[in-house]
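This report concerns only the one structure given below.
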Amino acid sequence: MSHMSSSTEVVQPASVPARLPWLALLALAMTGFVCILTETIPAGLLPHIVEGLNISKGMAGQLVTLYAIGSLVAAIPFAMFTAGMRRRPLLLAIIAGFLVFNTITAISSSYALTLVARFFAGVAAGAAWGMIAGYARRMVPNALKGRALAVAMVGTPIALTFGVPAGTLLGDLIGWRAVFGFMSLLTLVLIVWVLWKVPDYPGQPANERMTMGQVFVLPGIRPILMVVLTWMLAHNILYTYIAPFLERAGLGSRVDLVLLIFGLAAIVSIWIVGLLIDRKLRLLTLLSLLGFALVSAALWVGGTSVPVVYAAVALWGLTFGGAATLLQTAQANASGEEGVDIVMPINTTVWNLAIAGGGIVGGALLELIGVQSFPAVLLILLLIAWIIAWSAKRHGFPGKR
């Protein structure tokens with residue numbers, strides 16, 4: 001694709017700095033923060049939304065469901081159809097989507113219109129997750145690509161740890177509509193930030209673009225995706241149903257504290273992974289899976305003990321916080337720069353399937369056997385993931401990178 005003249009200078013990949021462009025990467029992290037906050041905030045605002053739209057709790061819960069569906073169905077098609085477009089205008093269009101659809105959610109009095117807005121907000125999220133990793137890696141030289149991705153992904157645990165509780169508190173103080181309006185203001189700030197600090201890159205020329213099939217059969221890609229599926233399925237079984245699981249230890253009223261411990265540990269994990277990932281990708285992945293397996297074993301034998309649960313949750317956060325960075329870095333390394341913008345939407349799709357699967361499998365286990373069955377199922381899934389990761393030592397999770 002020929003470069004078109006523009007008033008905006010297009011930065012070529014060869015001009016990447018020898019150090020991290022912090023402000024540019026943090027703008028991408030802010031994009032991820034907006035994605036996660038937009039996705040999860042209805043859960044904290046549920047009673048207010050029920051009253052405001054005059055609907056049932058089950059109907060209000062579909063605001064999360066429609067968002068997830070939008071993200072799931074949009075990620076791969078969006079990446080395929082926009083591969084040739086310049087990156088910064090595309091990112092700005094995605095952020096503008098959050099601005100529009102969060103604003104509609106804030107002012108809509110129609111349940112049907114609100115569902116439509118939530119679906120298209122999910123579409124924007126699927127598009128964003130498909131390009132954040134590749135964008136971050138293009139900003140830095142090879143030696144810093146993993147660290148750059150770790151910075152770009154830090155918005156996720158921050159949103160989960162602080163964003164949702166803060167949004168819930170604001171909902172009590174100023175109302176749920178004002179919270180969505182506040183998120184629209186955040187996207188306005190983000191648009192200015194991106195224009196100010198995020199460099200622009202050209203899309204991929206058509207003759208250099210890899211197809212979905214070409215990327216999928218690259219050595220290492222399928223083992224990594226299997227690790228994504230099994231690891232995230234295990235995580236979401238426990239995370240989705242953490243409240244009933246904690247009731248066994250008498251911690252049903254302390255879900256907020258437990259999730260705060262998890263989130264803080266996850267942020268520490270991202271910091272550790274960011275420091276070591278460019279040299280120790282394989283080791284960090286195997287240790288994370290092993291650590292989560294130990295969490296499962298501890299909860300299996302001591303899930304009714306308060307100290308065991310708190311310690312296990314802290315270790316769970318330490319093993320999970322850097323997971324997205326580890327897995328996306330492995331995929332980017334395996335796909336190469338030509339395939340990174342295709343493999344990331346595939347990852348987004350598999351990740352969302354694991355989230356949905358966690359809700360389905362966890363719900364079935366809860367109803368048929370009880371929460372006491374969770375640790376054993378998690379342990380099986382994590383051992384499968386560990387074996388796959390260990391076996392993929394040549395391409396998927398190589399010992400040296």
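Going through the structure tokens in order, the chains are called A, B, and so on, while each chain numbers its residues from 1 and the ligands are numbered from 1 in the order shown.
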- Excluding same-chain residues fewer than 2 positions from A:Thr65, what lies within 12 Å of it counting only C-alpha atoms, as a PyMOL selection string? chain A and resi 39-40+42-43+58-63+67-72+115-116+118-122+352+355-356+359
With only C-alpha atoms counted and 12 Å as the cut-off, give the residues of stretch 344-380 of chain A in contact with stretch 132-136 of chain A, each with its shortest interatomic distance in Å and the pair that gives it, as a Markdown table.
| residue | atom | partner | partner_atom | distance |
| --- | --- | --- | --- | --- |
| A:Met344 | CA | A:Ala133 | CA | 7.3 |
| A:Pro345 | CA | A:Ala133 | CA | 10.1 |
| A:Asn347 | CA | A:Ala133 | CA | 10.8 |
| A:Thr348 | CA | A:Ala133 | CA | 11.0 |
What does the file look like for those residues with N, CA, C and O atoms, as a PDB file, in the first residue's frame?
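Below is the file out-v9.pdb, written as the result:
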ATOM      1  N   MET A 344      -3.396 -11.575  17.365  1.00  0.00           N
ATOM      2  CA  MET A 344      -3.983 -10.977  18.569  1.00  0.00           C
ATOM      3  C   MET A 344      -5.514 -11.041  18.583  1.00  0.00           C
ATOM      4  O   MET A 344      -6.111 -11.329  19.621  1.00  0.00           O
ATOM      5  N   PRO A 345      -6.190 -10.786  17.461  1.00  0.00           N
ATOM      6  CA  PRO A 345      -7.644 -10.995  17.468  1.00  0.00           C
ATOM      7  C   PRO A 345      -8.035 -12.453  17.703  1.00  0.00           C
ATOM      8  O   PRO A 345      -9.068 -12.723  18.326  1.00  0.00           O
ATOM      9  N   ASN A 347      -6.368 -14.463  19.603  1.00  0.00           N
ATOM     10  CA  ASN A 347      -6.198 -14.568  21.049  1.00  0.00           C
ATOM     11  C   ASN A 347      -7.405 -13.979  21.786  1.00  0.00           C
ATOM     12  O   ASN A 347      -7.908 -14.569  22.746  1.00  0.00           O
ATOM     13  N   THR A 348      -7.869 -12.811  21.325  1.00  0.00           N
ATOM     14  CA  THR A 348      -9.034 -12.178  21.949  1.00  0.00           C
ATOM     15  C   THR A 348     -10.250 -13.086  21.885  1.00  0.00           C
ATOM     16  O   THR A 348     -11.014 -13.207  22.855  1.00  0.00           O
TER      17      THR A 348
END
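Atom to atom, atom CA of A:Leu185 and atom CA of A:Ala79 stand 26.8 Å apart.
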- Message: Taking 6 positions as the minimum chain separation for residues in the same chain, which residues sit within 9 Å of A:Lys57 when counting only C-alpha atoms? Answer as a PyMOL selection string.
- Response: chain A and resi 46-47+49-50
- Query: Of the candidates A:Leu160, A:Leu379, A:Leu23, A:Val255, which shows the shortest atom-to-atom distance to A:Cys35, using only C-alpha atoms?
  - Reply: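 Checking each candidate against A:Cys35, we get A:Leu160 as the closest.
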- Task: Using backbone DSSP assignments, extract all alpha helix (DSSP H) residues from stretch 186-278 of chain A; output them as a PyMOL selection string.
- Result: chain A and resi 186-197+212-216+221-240+242-246+255-278
- So, counting only C-alpha atoms, which residue among A:Ala332, A:Val361, A:Ala376, A:Ala75 is closest to A:Gly396? A:Ala332
- Distance criterion (only C-alpha atoms): nearest to A:Ala178 out of A:Ala27, A:Val258, A:Ile107, A:Val123: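 Selected residue with least distance to A:Ala178: A:Ile107.
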- Task: With a distance cut-off of 10 Å and only C-alpha atoms, select the neighbouring residues of stretch 267-275 of chain A, excluding the residue or stretch itself and same-chain residues fewer than 5 positions from it, and output the selection as a PyMOL selection string.
- Result: chain A and resi 144-151+153-158+161+262+280-281+284-285+288+315-326
- Message: If I take atom CA of A:Tyr201 and atom CA of A:Val140, how far is one from the other in Å, to one decimal?
- Response: 12.6 Å
- Rounded to one decimal in Å, what is the spacing between atom CA of A:Leu225 and atom CA of A:Gly291?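 We find that atom CA of A:Leu225 and atom CA of A:Gly291 lie 19.8 Å from each other.
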- Message: Using only C-alpha atoms, which protein or nucleic acid residues come within 10 Å of A:Pro77? Drop anything in the same chain fewer than 4 positions from it, and give the result as a list in words.
- Response: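 What passes the distance filter is Val73, Phe81, Thr82, Gly126, Ala127, Ile342, Pro345 and Ile346 of chain A.
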Can you spit out the residues from that selection as a PDB file, in the first residue's frame, using C-alpha atoms?
ATOM      1  CA  VAL A  73     -17.715 -11.611  17.192  1.00  0.00           C
ATOM      2  CA  PHE A  81     -10.805  -5.650   7.247  1.00  0.00           C
ATOM      3  CA  THR A  82      -8.637  -2.927   8.810  1.00  0.00           C
ATOM      4  CA  GLY A 126     -12.736  -6.471  20.526  1.00  0.00           C
ATOM      5  CA  ALA A 127     -11.124  -4.139  18.000  1.00  0.00           C
ATOM      6  CA  ILE A 342      -3.859 -11.244  13.013  1.00  0.00           C
ATOM      7  CA  PRO A 345      -7.644 -10.995  17.468  1.00  0.00           C
ATOM      8  CA  ILE A 346      -7.497 -14.811  17.484  1.00  0.00           C
TER       9      ILE A 346
END
